[in-house]
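Novice: The structure follows.
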Amino acid sequence: MGSGVLPAALLTGDGVVERRLRRTGGMFGLWFPGIGRAVLVSDPALVRAVMRAPAGVVAAGPANRVQEPVIGPSGLARLEGAEHREIRTLMAPSVRDRVPERLRAATERLALRAAARCPAGVPFPLRPLLHGALMEAVLELTMGLSPERQRAWRVPLRELFRRADSYEITVRYALRHAGALDWWPAYQRAKDACDRLIHGEIDRRLGAGDEGDDLLGALLRARDDDDAPLPRAVVRDQVMSMIAGARTTTANGLAWVFERVVRHPEVLRRVTGESELGEGDAYASAVTYEALRVRPPVAFFGRVVRRPFELGGRLLPPGTTIIVHLRTLHHDPALYPDAATFRPERWLDGRPAGYGWMPFGGGAHTCLGDRLAMVQMRTFLQVFTRELALSPAWPGDEPVRWKAVSNSPGAGCRVIARPR
C-alpha cells in the first residue's frame with residue numbers, strides 16, 4: 001500500500017505522506033521506480049539510528065544520485081568515505097570558516113538591491129527575485145564573479161534549473177536506466193552551456209596564473225599525495241553543488257520565511273523592530289529556524305543500506321533506500337508542542353537536541369553551506385523588513401509545491417511591498 005503514497009503526494013500534496021507516517025508509527029515500506037525497495041521514516045528515534053549508523057552499513061552517496069543530473073557524479077553529496085572527507089575539508093574554509101566576515105556585508109548589499117527591485121503596492125511573486133539575488137551571491141562567493149561577468153551565466157543556469165526543478169526530471173530519473181536522461185536534448189544543451197562557463201573560468205585563471213582566494217581557487221590549488229591537481233570534472237561538480245544548494249535550499253527556504261512571516265503580523269512587527277533598532281539577529285534567527293521547521297525547503301533526504309541493518313524491528317536488506325520525510329519529522333508533537341503553529345519563540349532558547357530539525361540533512365553529509373544559508377536568510381529578512389512594509393497577497397497559506405526533491409510556495413510567495 002505504501003507504494004501508492006508518493007504518486008498520490010504528487011497529485012494531492014505532501015499531507016498524504018504525513019498522514020500515513022502518523023498511522024504507521026513513523027515508518028512504512030514502499031517500492032518506487034528508479035529507487036526500488038525503500039522505507040519512509042519520520043520517527044526521531046529511527047532517524048537518529050539511521051544518522052548514527054556506521055558508514056559501512058548505511059551510506060549517503062548512493063541515495064543522492066537523484067541530484068546527479070545537476071551536481072554530477074563527483075559532487076560532494078555523491079562522495080563517500082575518505083574522498084568525501086578530503087573534498088569537504090578543502091571546501092570548508094571558503095564556505096564555512098570565513099563566511100561571517102566575508103559574507104554579511106556582501107549579502108546586505110545584495111538584499112538592499114533586491115528590495116529596491118520590488119514593485120510598489122501590487123501583488124508579485126517574491127520567490128523569483130530571491131532566486132536571482134541568491135544566485136548572484138553564490139556566484140560571487142564561489143567564483144568571485146562581478147555582476148557584469150555574471151550576465152553570461154544567467155540564462156544557462158536558469159534553463160538548467162528550470163528542468164532540474166520540474167516534474168519531468170522526476171519521471172526521467174526514475175526511467176534513467178532506459179536512457180530517459182541521456183535522450184533529453186534540452187537538458188543536455190543547458191548542462192553543456194553551464195559546463196562551458198565553468199571550464200572557461202578555470203582556463204582563464206590557470207592562464208593568468210592566479211587561482212583566486214574563493215572556493216574555485218581553493219579547489220584549483222588542491223593537490224593529492226602525488227602532487228597532482230584535482231580532475232576538472234571534480235572541480236566542476238563541487239562548483240555546481242554549491243550553486244544548486246543556493247538555488248534549492250537557500251532560495252526556497254527564504255521564500256518560505258517570507259511566506260510565513262507576512263501571515264503572522266506580530267512576528268513581522270517583532271522582527272522589523274529588531275532590525276530597525278539594530279538589536280542583533282536573535283529573533284530573525286528564531287524566525288528562520290521556525291520557518292525551515294514548518295516548511296522545510298527539501299522534502300526528504302535518503303540513505304542506502306549496504307549491509308543488513310535493523311531499524312524499528314525490521315531487518316533491512318542491502319540495497320534498501322531509507323527516506324527521511326522532513327515535514328513529518330519537523331511536526332512531531334513529542335519534539336514540538338503545538339507543532340502546526342508557527343511560533344518562533346520556541347527557538348529563542350536554542351536548537352533542539354538530537355535529530356529533530358534537519359533542513360540541511362545530517363551527519364557527515366550535512367550541507368556544507370548551512371552556515372552560509374542561515375547568514376543569507378537572516379540578512380535578507382532583516383533588510384526587507386527594515387526597508388519595506390510587507391503584506392500577503394491574500395490571507396490564506398500558500399500550498400506546498402513539491403517538485404523533484406524540493407518544496408516551494410505554490411504561488412511563488414506572492415506579497416505586496418511598499419517602501420517604508
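Chain identifiers are assigned as A, B, and so on, following the order in which chains appear in the C-alpha cells; residues are numbered from 1 within each chain, and ligands are numbered from 1 in order of appearance.
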List every residue of range 341-376 of chain A that has an atom at most 8 Å from any atom of range 50-73 of chain A, and for each one report the closest atom pair and its distance in Å to one decimal, counting only C-alpha atoms, with rows sorted by chain and then by increasing residue number, as JSON lines.
Specialist:
{"residue": "A:Gly362", "atom": "CA", "partner": "A:Met51", "partner_atom": "CA", "distance": 6.7}
{"residue": "A:Gly363", "atom": "CA", "partner": "A:Met51", "partner_atom": "CA", "distance": 5.9}
{"residue": "A:His365", "atom": "CA", "partner": "A:Ala60", "partner_atom": "CA", "distance": 7.1}
Novice: From a DSSP calculation on the backbone, collect every residue of range 168-322 of chain A in strand (DSSP E) and output the set as a VMD selection string.
Specialist: chain A and resid 300 to 305 309 to 311 314 to 316 321 to 322
Novice: Which residues, written as a list in words, have at least one atom at most 7 Å from Ser391 in chain A, with only C-alpha atoms counted and residues fewer than 4 positions away on the same chain left out?
Specialist: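 Here the qualifying residues turn out to be Val262, Val415, Ile416 and Ala417 of chain A.
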Novice: Once you have the residues from the selection above, write them out as a PDB file, in the first residue's frame, restricted to all heavy atoms.
Specialist:
ATOM      1  N   VAL A 262       4.796  37.091   6.671  1.00  0.00           N
ATOM      2  CA  VAL A 262       3.773  38.078   6.294  1.00  0.00           C
ATOM      3  C   VAL A 262       2.377  37.648   6.737  1.00  0.00           C
ATOM      4  O   VAL A 262       1.468  38.487   6.805  1.00  0.00           O
ATOM      5  CB  VAL A 262       3.784  38.360   4.775  1.00  0.00           C
ATOM      6  CG1 VAL A 262       5.105  38.965   4.353  1.00  0.00           C
ATOM      7  CG2 VAL A 262       3.459  37.104   3.965  1.00  0.00           C
ATOM      8  N   VAL A 415       3.449  38.531  -2.532  1.00  0.00           N
ATOM      9  CA  VAL A 415       3.335  39.528  -1.456  1.00  0.00           C
ATOM     10  C   VAL A 415       3.040  40.886  -2.069  1.00  0.00           C
ATOM     11  O   VAL A 415       3.101  41.080  -3.287  1.00  0.00           O
ATOM     12  CB  VAL A 415       4.641  39.598  -0.631  1.00  0.00           C
ATOM     13  CG1 VAL A 415       4.943  38.259   0.034  1.00  0.00           C
ATOM     14  CG2 VAL A 415       5.827  40.053  -1.480  1.00  0.00           C
ATOM     15  N   ILE A 416       2.733  41.838  -1.199  1.00  0.00           N
ATOM     16  CA  ILE A 416       2.614  43.239  -1.569  1.00  0.00           C
ATOM     17  C   ILE A 416       3.665  43.996  -0.751  1.00  0.00           C
ATOM     18  O   ILE A 416       3.770  43.812   0.468  1.00  0.00           O
ATOM     19  CB  ILE A 416       1.210  43.791  -1.275  1.00  0.00           C
ATOM     20  CG1 ILE A 416       0.165  43.022  -2.083  1.00  0.00           C
ATOM     21  CG2 ILE A 416       1.137  45.293  -1.588  1.00  0.00           C
ATOM     22  CD1 ILE A 416      -1.264  43.359  -1.703  1.00  0.00           C
ATOM     23  N   ALA A 417       4.465  44.794  -1.418  1.00  0.00           N
ATOM     24  CA  ALA A 417       5.560  45.515  -0.760  1.00  0.00           C
ATOM     25  C   ALA A 417       5.401  47.008  -0.999  1.00  0.00           C
ATOM     26  O   ALA A 417       5.125  47.453  -2.124  1.00  0.00           O
ATOM     27  CB  ALA A 417       6.909  45.057  -1.288  1.00  0.00           C
TER      28      ALA A 417
END
Novice: Would you pick out the contacts of Phe309 in chain A at 8 Å or less, using only C-alpha atoms, so that residues sharing its chain but fewer than 4 positions from it are not included, and give the list as JSON, numbers by chain?
Specialist: {"A": [57, 58, 305, 315, 316, 317, 318]}
Novice: Please report as a tab-separated table every residue of range 118-201 of chain A lying within 12 Å of range 13-32 of chain A, along with the nearest atom pair and their distance in Å (one decimal), using only C-alpha atoms.
Specialist:
residue	atom	partner	partner_atom	distance
A:Thr170	CA	A:Phe32	CA	11.4
A:Val171	CA	A:Phe32	CA	11.0
A:Tyr173	CA	A:Phe32	CA	11.5
A:Ala174	CA	A:Phe32	CA	8.2
A:Leu175	CA	A:Phe32	CA	11.0
Novice: Could you save those same residues with all heavy atoms as a PDB file, in the first residue's frame?
Specialist:
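In the end it all went to result16.pdb:
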ATOM      1  N   THR A 170      11.748  14.191 -12.449  1.00  0.00           N
ATOM      2  CA  THR A 170      11.411  13.101 -11.536  1.00  0.00           C
ATOM      3  C   THR A 170      11.098  11.838 -12.312  1.00  0.00           C
ATOM      4  O   THR A 170      11.580  10.745 -11.986  1.00  0.00           O
ATOM      5  CB  THR A 170      10.205  13.497 -10.661  1.00  0.00           C
ATOM      6  OG1 THR A 170      10.509  14.717  -9.967  1.00  0.00           O
ATOM      7  CG2 THR A 170       9.885  12.408  -9.654  1.00  0.00           C
ATOM      8  N   VAL A 171      10.304  11.984 -13.367  1.00  0.00           N
ATOM      9  CA  VAL A 171       9.945  10.826 -14.192  1.00  0.00           C
ATOM     10  C   VAL A 171      11.167  10.326 -14.958  1.00  0.00           C
ATOM     11  O   VAL A 171      11.432   9.119 -15.024  1.00  0.00           O
ATOM     12  CB  VAL A 171       8.802  11.199 -15.160  1.00  0.00           C
ATOM     13  CG1 VAL A 171       8.501  10.038 -16.095  1.00  0.00           C
ATOM     14  CG2 VAL A 171       7.558  11.599 -14.373  1.00  0.00           C
ATOM     15  N   TYR A 173      14.302  10.644 -14.198  1.00  0.00           N
ATOM     16  CA  TYR A 173      15.260   9.992 -13.310  1.00  0.00           C
ATOM     17  C   TYR A 173      14.810   8.567 -12.991  1.00  0.00           C
ATOM     18  O   TYR A 173      15.629   7.642 -12.979  1.00  0.00           O
ATOM     19  CB  TYR A 173      15.421  10.785 -12.010  1.00  0.00           C
ATOM     20  CG  TYR A 173      16.378  10.111 -11.053  1.00  0.00           C
ATOM     21  CD1 TYR A 173      17.748  10.228 -11.220  1.00  0.00           C
ATOM     22  CD2 TYR A 173      15.908   9.328 -10.002  1.00  0.00           C
ATOM     23  CE1 TYR A 173      18.630   9.591 -10.367  1.00  0.00           C
ATOM     24  CE2 TYR A 173      16.781   8.681  -9.147  1.00  0.00           C
ATOM     25  CZ  TYR A 173      18.141   8.826  -9.329  1.00  0.00           C
ATOM     26  OH  TYR A 173      19.006   8.174  -8.488  1.00  0.00           O
ATOM     27  N   ALA A 174      13.523   8.377 -12.761  1.00  0.00           N
ATOM     28  CA  ALA A 174      13.012   7.037 -12.485  1.00  0.00           C
ATOM     29  C   ALA A 174      13.257   6.094 -13.672  1.00  0.00           C
ATOM     30  O   ALA A 174      13.451   4.889 -13.488  1.00  0.00           O
ATOM     31  CB  ALA A 174      11.521   7.102 -12.160  1.00  0.00           C
ATOM     32  N   LEU A 175      13.290   6.653 -14.875  1.00  0.00           N
ATOM     33  CA  LEU A 175      13.477   5.843 -16.093  1.00  0.00           C
ATOM     34  C   LEU A 175      14.885   6.011 -16.672  1.00  0.00           C
ATOM     35  O   LEU A 175      15.107   5.723 -17.842  1.00  0.00           O
ATOM     36  CB  LEU A 175      12.432   6.244 -17.140  1.00  0.00           C
ATOM     37  CG  LEU A 175      10.957   6.070 -16.728  1.00  0.00           C
ATOM     38  CD1 LEU A 175      10.049   6.622 -17.801  1.00  0.00           C
ATOM     39  CD2 LEU A 175      10.646   4.613 -16.445  1.00  0.00           C
TER      40      LEU A 175
END
Novice: Pull the alpha helix (DSSP H) assignments for range 277-356 of chain A out of DSSP run on the backbone, and list those residues as a PyMOL selection string.
Specialist: chain A and resi 277+282-294+326-330
Novice: Using only C-alpha atoms, determine which residues lie at most 12 Å from Tyr187 in chain A, disregarding the query and same-chain residues fewer than 4 positions distant; provide the list as a PyMOL selection string.
Specialist: chain A and resi 69-70+156-166+168-169+172+180-183+191-194
Novice: Which of these, A:Val155, A:Ala233, A:Met242, A:Ala291, has the shortest distance to Arg263 in chain A once you count only C-alpha atoms?
Specialist: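 Selected residue with least distance to Arg263 in chain A: A:Ala291.
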Novice: Kindly give the distance, in Å, that separates CA of Ala49 in chain A and CA of Asp349 in chain A, rounded to a single decimal.
Specialist: 25.9 Å
Novice: If we count only C-alpha atoms and set the cut-off at 7 Å, which residues sit around Val400 in chain A, ignoring sequence neighbours fewer than 6 positions away in its own chain? Please answer as a PyMOL selection string.
Specialist: chain A and resi 407-410
Novice: Using only C-alpha atoms, I'd like a table of the residues in range 330-383 of chain A that come within 10 Å of range 75-78 of chain A; for each, show the closest atom pair and its distance in Å rounded to one decimal, ordered by chain and ascending number, as a Markdown table.
Specialist:
| residue | atom | partner | partner_atom | distance |
| --- | --- | --- | --- | --- |
| A:Ala364 | CA | A:Ala77 | CA | 10.0 |
| A:His365 | CA | A:Ala77 | CA | 6.7 |
| A:Thr366 | CA | A:Ala77 | CA | 9.0 |
| A:Cys367 | CA | A:Ala77 | CA | 8.2 |
| A:Leu368 | CA | A:Leu76 | CA | 8.8 |
Novice: For Gly350 in chain A, work out the shell of residues within 12 Å, counting only C-alpha atoms and skipping chain neighbours fewer than 2 positions away, then give it as a list in words.
Specialist: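 Near Gly350 in chain A, the qualifying residues are Ala282, Tyr283, Ser285, Ala286, Tyr289, Glu290, Pro344, Glu345, Arg346, Trp347, Leu348, Pro352, Ala353 and Trp357 of chain A.
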Novice: Could those selected residues go to a file with all heavy atoms, as a CSV table (one decimal), in the first residue's frame?
Specialist:
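Wrote part-v8.csv, looks like this:
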chain,number,residue,atom,x,y,z
A,282,ALA,N,18.8,37.8,17.0
A,282,ALA,CA,18.3,36.6,17.7
A,282,ALA,C,16.9,36.2,17.3
A,282,ALA,O,16.6,35.1,17.0
A,282,ALA,CB,18.4,36.9,19.2
A,283,TYR,N,16.0,37.2,17.1
A,283,TYR,CA,14.7,36.9,16.7
A,283,TYR,C,14.6,36.6,15.2
A,283,TYR,O,13.9,35.6,14.9
A,283,TYR,CB,13.7,38.1,17.0
A,283,TYR,CG,12.3,37.7,16.9
A,283,TYR,CD1,11.7,36.8,17.9
A,283,TYR,CD2,11.5,38.1,15.9
A,283,TYR,CE1,10.4,36.4,17.8
A,283,TYR,CE2,10.1,37.7,15.8
A,283,TYR,CZ,9.6,36.8,16.8
A,283,TYR,OH,8.3,36.4,16.7
A,285,SER,N,16.9,35.0,13.7
A,285,SER,CA,17.3,33.6,13.6
A,285,SER,C,16.2,32.7,14.0
A,285,SER,O,16.0,31.6,13.4
A,285,SER,CB,18.5,33.4,14.6
A,285,SER,OG,19.6,34.2,14.1
A,286,ALA,N,15.5,33.0,15.1
A,286,ALA,CA,14.4,32.2,15.5
A,286,ALA,C,13.3,32.0,14.5
A,286,ALA,O,12.8,30.9,14.3
A,286,ALA,CB,13.8,32.7,16.8
A,289,TYR,N,14.7,29.6,11.8
A,289,TYR,CA,14.6,28.2,12.3
A,289,TYR,C,13.2,27.7,12.2
A,289,TYR,O,12.9,26.6,11.7
A,289,TYR,CB,15.1,28.1,13.7
A,289,TYR,CG,16.6,28.1,13.9
A,289,TYR,CD1,17.2,29.0,14.8
A,289,TYR,CD2,17.4,27.3,13.2
A,289,TYR,CE1,18.5,29.0,15.0
A,289,TYR,CE2,18.8,27.2,13.4
A,289,TYR,CZ,19.3,28.1,14.3
A,289,TYR,OH,20.7,28.1,14.5
A,290,GLU,N,12.2,28.5,12.6
A,290,GLU,CA,10.9,28.0,12.7
A,290,GLU,C,10.3,27.9,11.3
A,290,GLU,O,9.5,26.9,11.0
A,290,GLU,CB,10.0,29.0,13.5
A,290,GLU,CG,8.5,28.7,13.7
A,290,GLU,CD,8.3,27.5,14.6
A,290,GLU,OE1,9.2,26.7,14.9
A,290,GLU,OE2,7.1,27.2,14.9
A,344,PRO,N,8.0,31.3,16.4
A,344,PRO,CA,9.5,31.4,16.5
A,344,PRO,C,10.0,31.5,17.9
A,344,PRO,O,11.2,31.1,18.1
A,344,PRO,CB,9.7,32.8,15.8
A,344,PRO,CG,8.5,33.0,14.9
A,344,PRO,CD,7.4,32.4,15.7
A,345,GLU,N,9.2,31.9,18.9
A,345,GLU,CA,9.7,32.0,20.3
A,345,GLU,C,10.2,30.6,20.8
A,345,GLU,O,11.1,30.6,21.7
A,345,GLU,CB,8.6,32.5,21.2
A,345,GLU,CG,8.2,33.9,21.0
A,345,GLU,CD,7.4,34.2,19.7
A,345,GLU,OE1,6.9,33.2,19.1
A,345,GLU,OE2,7.4,35.3,19.2
A,346,ARG,N,9.8,29.5,20.2
A,346,ARG,CA,10.3,28.2,20.7
A,346,ARG,C,11.8,28.1,20.5
A,346,ARG,O,12.4,27.2,21.0
A,346,ARG,CB,9.5,27.1,20.1
A,346,ARG,CG,9.8,26.9,18.6
A,346,ARG,CD,9.1,25.6,18.1
A,346,ARG,NE,7.7,25.9,17.6
A,346,ARG,CZ,6.6,25.2,18.1
A,346,ARG,NH1,6.7,24.3,19.0
A,346,ARG,NH2,5.4,25.5,17.6
A,347,TRP,N,12.4,28.9,19.6
A,347,TRP,CA,13.8,28.8,19.3
A,347,TRP,C,14.7,29.8,20.0
A,347,TRP,O,15.9,29.8,19.9
A,347,TRP,CB,14.0,29.0,17.8
A,347,TRP,CG,13.3,28.0,17.0
A,347,TRP,CD1,12.1,28.1,16.4
A,347,TRP,CD2,13.8,26.7,16.6
A,347,TRP,NE1,11.7,26.9,15.7
A,347,TRP,CE2,12.8,26.1,15.9
A,347,TRP,CE3,14.9,26.0,16.9
A,347,TRP,CZ2,12.9,24.8,15.4
A,347,TRP,CZ3,15.1,24.7,16.4
A,347,TRP,CH2,14.1,24.1,15.7
A,348,LEU,N,14.1,30.7,20.8
A,348,LEU,CA,14.9,31.7,21.5
A,348,LEU,C,15.9,31.1,22.5
A,348,LEU,O,16.9,31.7,22.9
A,348,LEU,CB,14.0,32.7,22.1
A,348,LEU,CG,13.3,33.6,21.1
A,348,LEU,CD1,12.3,34.6,21.8
A,348,LEU,CD2,14.3,34.4,20.2
A,352,PRO,N,16.9,22.4,19.2
A,352,PRO,CA,16.7,21.1,19.9
A,352,PRO,C,17.8,20.1,19.8
A,352,PRO,O,18.6,20.2,18.8
A,352,PRO,CB,15.4,20.6,19.2
A,352,PRO,CG,15.6,21.1,17.8
A,352,PRO,CD,16.2,22.5,17.9
A,353,ALA,N,17.9,19.3,20.8
A,353,ALA,CA,19.0,18.3,20.8
A,353,ALA,C,18.6,17.2,19.8
A,353,ALA,O,17.4,17.0,19.5
A,353,ALA,CB,19.2,17.7,22.2
A,357,TRP,N,15.5,18.5,13.8
A,357,TRP,CA,15.5,19.7,12.9
A,357,TRP,C,16.6,19.5,11.8
A,357,TRP,O,17.8,19.6,12.2
A,357,TRP,CB,15.7,21.0,13.6
A,357,TRP,CG,15.5,22.2,12.8
A,357,TRP,CD1,14.4,22.9,12.6
A,357,TRP,CD2,16.6,23.0,12.2
A,357,TRP,NE1,14.7,24.1,11.8
A,357,TRP,CE2,16.0,24.1,11.6
A,357,TRP,CE3,18.0,22.8,12.2
A,357,TRP,CZ2,16.8,25.1,10.9
A,357,TRP,CZ3,18.7,23.8,11.5
A,357,TRP,CH2,18.1,24.9,10.9
Novice: May I ask which of the residues A:Cys413, A:Ala340, A:Val234, A:Ala218 is the closest one to Ser94 in chain A, counting only C-alpha atoms?
Specialist: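 Ranked by minimum distance to Ser94 in chain A, first place goes to A:Ala218.
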Novice: Of the residues A:Glu108, A:Met143, A:Gly356, A:Arg260, which is the one nearest to Arg204 in chain A, using only C-alpha atoms?
Specialist: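 For Arg204 in chain A, the nearest of the given residues is A:Met143.
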Novice: Of the candidates A:Leu40, A:Leu197, A:Met358, A:Leu90, which shows the shortest atom-to-atom distance to Ala152 in chain A, using only C-alpha atoms?
Specialist: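 Comparing A:Leu40, A:Leu197, A:Met358, A:Leu90 against Ala152 in chain A, the winner is A:Leu197.
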Novice: Between A:Val235, A:Leu329, A:Leu311, A:Leu388, which residue has the minimum interatomic distance to Ser275 in chain A, considering only C-alpha atoms?
Specialist: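 With only C-alpha atoms as the atom set, the closest residue is A:Leu388.
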